[in-house]
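**Q** Next up is a structure, given as structure tokens.
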Amino acid sequence: MRRSSLSVVAIVFLLVVSGTAGVAQPTGMETDVDAQLSTQSADSYVVEQGDVCQEIEPLSTSETVESFYDYRNHDTEPEGLYSSYGTTHLQEDETSILFLHEGTDGMSLVMVHDQLEGDSDGGYVTFDIVGLPGESEWVVENDNYSAETNIDEFHRGDGWAEASWIWRGARTGGGAIQGGLNDEFGVTIQPAFNEDARITHENHDHPDSDFYDEGELEDWEVLSGDADDPDRTTLPSLEEPVTIRTGTCGDPSVTYDRTDDGITASIDGAAADDQIALQPPSGTADNATFEAVEVTGVDGSGTIAFENQQPADLPASPPGVESLSYLTMTSDEIEDGSATVTVSVDAALLEEHGLEPEDVALYGADGDEWIEGETTVSDESGATYQFTGEVASLEAVTVAEQQEPESESESEFPMPGFGVLGALVMLLLAALWAVRRTDE
């Protein structure tokens, strides 16, 4: 009898060991899958327009972008001609140039229109730049000065920046954007050149109606490499959007556009296991900011519309908790998409709601309910906590307090993570008890 009982215990012990291995195995498998997912490298850059993709290198100098651009007007020096004096070796008549500048202040996106002391009659351009990180800003504005004769416009919104330039012959327009471009990014310029621009020689508000001539830009070039003598690529169209992003031409392409309620990201050339980093708007709260949405499950192409609003067909919050911010994602074309979402929350907001960082979770929409996703604190400073969470669908996401765990009466195994392993341990204990009874 004792030998038979020991055999039972041995069999149960083997079940426990094999059960433990079975529980641990998926973690390793998930790690392998994660390692295979493609990511965009922040060490390489491309420019895309339509089917054209060209790898580029930033123009690197030992200056800040403000110093490199060297914008001068009558406010900065009496002879300043409202133009870029630092890029004259790059400028060409009736040509708009576009490039990345890497200097002592990091990475910047730079654009210069026309040529100082050139032979053109001036011109007019409107750029709508979409997909910008939240910390991006105009750091050079050619022209923006304090006089009623200044009619150029520079704007910054949630996920976008816009400028409208008009300039006289032998001068330049342009500017530079900086902030958030040292890591992964992708921004799209929606252009309006010449008569398509918002401000032209026919509708400007300058006191002198004949102040501007009927100038025109003919070419749009991207510069790459040596800051003194860069390579030049002429873009095929003055009308089609241009995207500059990190990564390579083998990565999925993303084109951003602005809508009345947010921004859209149109993805092309994706495989279902690609990780595609997207820049969303900030969400519905200033002190809880959505910073990134990394999407998987896009097979081929698809469009995701981001809006700063609470979804109309969902409860205001997950049951029993209060939401701090919302971001709606709409995509009827992407059926099996999921996302890793990053959000930063001010420490003061957590304190206001009586929350510790470990109390916070991201929830994804699933039909008509909120589903809590696995959430971690991915970064922190004295004033802000950054959270990263997984959502299983591309519908909407909210940040809120974690829900209370199920009570003993609601759960068969109230201990966290009890699962199969816990059941096998209980089986082993029962077998040992049976052996003891048999030996007696």
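Chain labels A, B, ... are given in the sequence in which chains occur in the structure tokens; within each chain residues are numbered consecutively from 1, and ligands are likewise numbered from 1 in the order shown.
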Neighbouring residues of range 206-208 of chain A were defined as those with any atom within 9 Å, considering only C-alpha atoms; residues of the same chain fewer than 5 positions away were excluded. Please report them as a compact mmCIF listing (two decimals) with C-alpha atoms, in the first residue's frame.

**A**
```
# COMPACT_ATOMS: atom_id res chain seq x y z
CA GLU A 148 1.33 96.21 -38.80
CA THR A 149 3.09 95.56 -42.08
CA ASN A 150 3.88 91.98 -40.95
CA ILE A 151 1.24 89.73 -42.46
```

**Q** Can you pull out the residues contacting range 279-281 of chain A? Cut-off 6 Å, using only C-alpha atoms, and skip same-chain residues under 6 positions away; I want them as a list in words.

**A**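 Residues meeting the cut-off are Gly131, Asp158, Gly159 and Ala292 of chain A.
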
**Q** Skip Trp165 in chain A itself and residues of its chain fewer than 2 positions away, then list as a count of residues only all residues within 9 Å of it, counting only C-alpha atoms.

**A** 20

**Q** Can you work out which one of A:Glu322, A:Glu358, A:Asp105, A:Glu380 has the shortest atom-to-atom distance to Glu63 in chain A, counting only C-alpha atoms?

**A**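 So, comparing all the options, the nearest one is A:Asp105.
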
**Q** Set the distance at 9 Å and use only C-alpha atoms: which residues neighbour range 284-286 of chain A once local chain neighbours fewer than 4 positions away are removed? I'd like the list as a list in words.

**A** Glu307, Asn308, Gln309, Gln310, Leu324, Ser325, Tyr326 and Leu327 of chain A

**Q** Would you give me, as a list in words, the residues in range 40-181 of chain A that DSSP reads as helix (DSSP H, G or I)?

**A**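 Result set for range 40-181 of chain A (helix (DSSP H, G or I)): Val65, Glu66, Ser67, Phe68 and Tyr69 of chain A.
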
**Q** So that I have them on file, write out the residues from the current selection with N, CA and C atoms, as a PDB file, in the first residue's frame.

**A**
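Result file selection_15.pdb:
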```
ATOM      1  N   VAL A  65      20.026  75.838 -34.354  1.00  0.00           N
ATOM      2  CA  VAL A  65      19.316  76.073 -35.610  1.00  0.00           C
ATOM      3  C   VAL A  65      19.048  77.556 -35.820  1.00  0.00           C
ATOM      4  N   GLU A  66      18.832  78.298 -34.734  1.00  0.00           N
ATOM      5  CA  GLU A  66      18.645  79.746 -34.875  1.00  0.00           C
ATOM      6  C   GLU A  66      19.893  80.407 -35.445  1.00  0.00           C
ATOM      7  N   SER A  67      21.064  79.986 -34.950  1.00  0.00           N
ATOM      8  CA  SER A  67      22.312  80.558 -35.448  1.00  0.00           C
ATOM      9  C   SER A  67      22.554  80.149 -36.896  1.00  0.00           C
ATOM     10  N   PHE A  68      22.279  78.882 -37.210  1.00  0.00           N
ATOM     11  CA  PHE A  68      22.497  78.404 -38.576  1.00  0.00           C
ATOM     12  C   PHE A  68      21.573  79.116 -39.557  1.00  0.00           C
ATOM     13  N   TYR A  69      20.327  79.293 -39.203  1.00  0.00           N
ATOM     14  CA  TYR A  69      19.370  79.976 -40.082  1.00  0.00           C
ATOM     15  C   TYR A  69      19.712  81.465 -40.194  1.00  0.00           C
TER      16      TYR A  69
END
```

**Q** Within 7 Å of range 40-56 of chain A, counting only C-alpha atoms, which residues show up once you throw out same-chain ones fewer than 2 positions away? Write them as a list in words, please.

**A** Ser38, Pro58, Asp183, Glu184, Ser224, Glu240, Pro241, Val242, Thr243, Ile244, Arg245, Thr246, Gly247, Thr248, Cys249 and Asp251 of chain A

**Q** Go ahead and save the residues from that selection, with N, CA and C atoms, as an mmCIF file, in the first residue's frame.

**A**
```cif
data_model
loop_
_atom_site.group_PDB
_atom_site.id
_atom_site.type_symbol
_atom_site.label_atom_id
_atom_site.label_comp_id
_atom_site.auth_asym_id
_atom_site.auth_seq_id
_atom_site.Cartn_x
_atom_site.Cartn_y
_atom_site.Cartn_z
ATOM 1 N N SER A 38 8.960 44.657 -36.207
ATOM 2 C CA SER A 38 9.792 45.707 -36.774
ATOM 3 C C SER A 38 9.540 47.025 -36.068
ATOM 4 N N PRO A 58 20.636 64.290 -41.924
ATOM 5 C CA PRO A 58 20.535 65.671 -41.449
ATOM 6 C C PRO A 58 21.780 66.470 -41.819
ATOM 7 N N ASP A 183 13.963 61.676 -31.126
ATOM 8 C CA ASP A 183 13.613 60.256 -31.088
ATOM 9 C C ASP A 183 12.830 59.914 -32.357
ATOM 10 N N GLU A 184 12.072 58.822 -32.318
ATOM 11 C CA GLU A 184 11.244 58.462 -33.472
ATOM 12 C C GLU A 184 10.215 59.552 -33.742
ATOM 13 N N SER A 224 20.342 66.914 -48.165
ATOM 14 C CA SER A 224 20.815 65.801 -47.361
ATOM 15 C C SER A 224 22.340 65.796 -47.316
ATOM 16 N N GLU A 240 1.478 67.518 -53.829
ATOM 17 C CA GLU A 240 1.273 66.329 -53.006
ATOM 18 C C GLU A 240 1.971 66.474 -51.658
ATOM 19 N N PRO A 241 1.415 65.872 -50.588
ATOM 20 C CA PRO A 241 2.045 65.949 -49.263
ATOM 21 C C PRO A 241 3.390 65.256 -49.223
ATOM 22 N N VAL A 242 4.244 65.718 -48.338
ATOM 23 C CA VAL A 242 5.580 65.139 -48.129
ATOM 24 C C VAL A 242 5.717 64.743 -46.667
ATOM 25 N N THR A 243 6.203 63.528 -46.425
ATOM 26 C CA THR A 243 6.453 63.059 -45.059
ATOM 27 C C THR A 243 7.948 62.902 -44.842
ATOM 28 N N ILE A 244 8.443 63.454 -43.748
ATOM 29 C CA ILE A 244 9.807 63.199 -43.286
ATOM 30 C C ILE A 244 9.692 62.419 -41.986
ATOM 31 N N ARG A 245 10.404 61.293 -41.913
ATOM 32 C CA ARG A 245 10.258 60.436 -40.738
ATOM 33 C C ARG A 245 11.547 59.683 -40.467
ATOM 34 N N THR A 246 11.631 59.127 -39.266
ATOM 35 C CA THR A 246 12.702 58.201 -38.942
ATOM 36 C C THR A 246 12.405 56.852 -39.590
ATOM 37 N N GLY A 247 13.456 56.016 -39.717
ATOM 38 C CA GLY A 247 13.278 54.698 -40.295
ATOM 39 C C GLY A 247 13.913 54.587 -41.658
ATOM 40 N N THR A 248 13.489 53.582 -42.410
ATOM 41 C CA THR A 248 14.013 53.331 -43.743
ATOM 42 C C THR A 248 12.858 53.229 -44.730
ATOM 43 N N CYS A 249 13.200 53.157 -46.015
ATOM 44 C CA CYS A 249 12.166 53.047 -47.041
ATOM 45 C C CYS A 249 11.479 51.687 -46.999
ATOM 46 N N ASP A 251 10.256 50.437 -44.225
ATOM 47 C CA ASP A 251 9.236 50.502 -43.181
ATOM 48 C C ASP A 251 7.902 50.957 -43.771
#
```
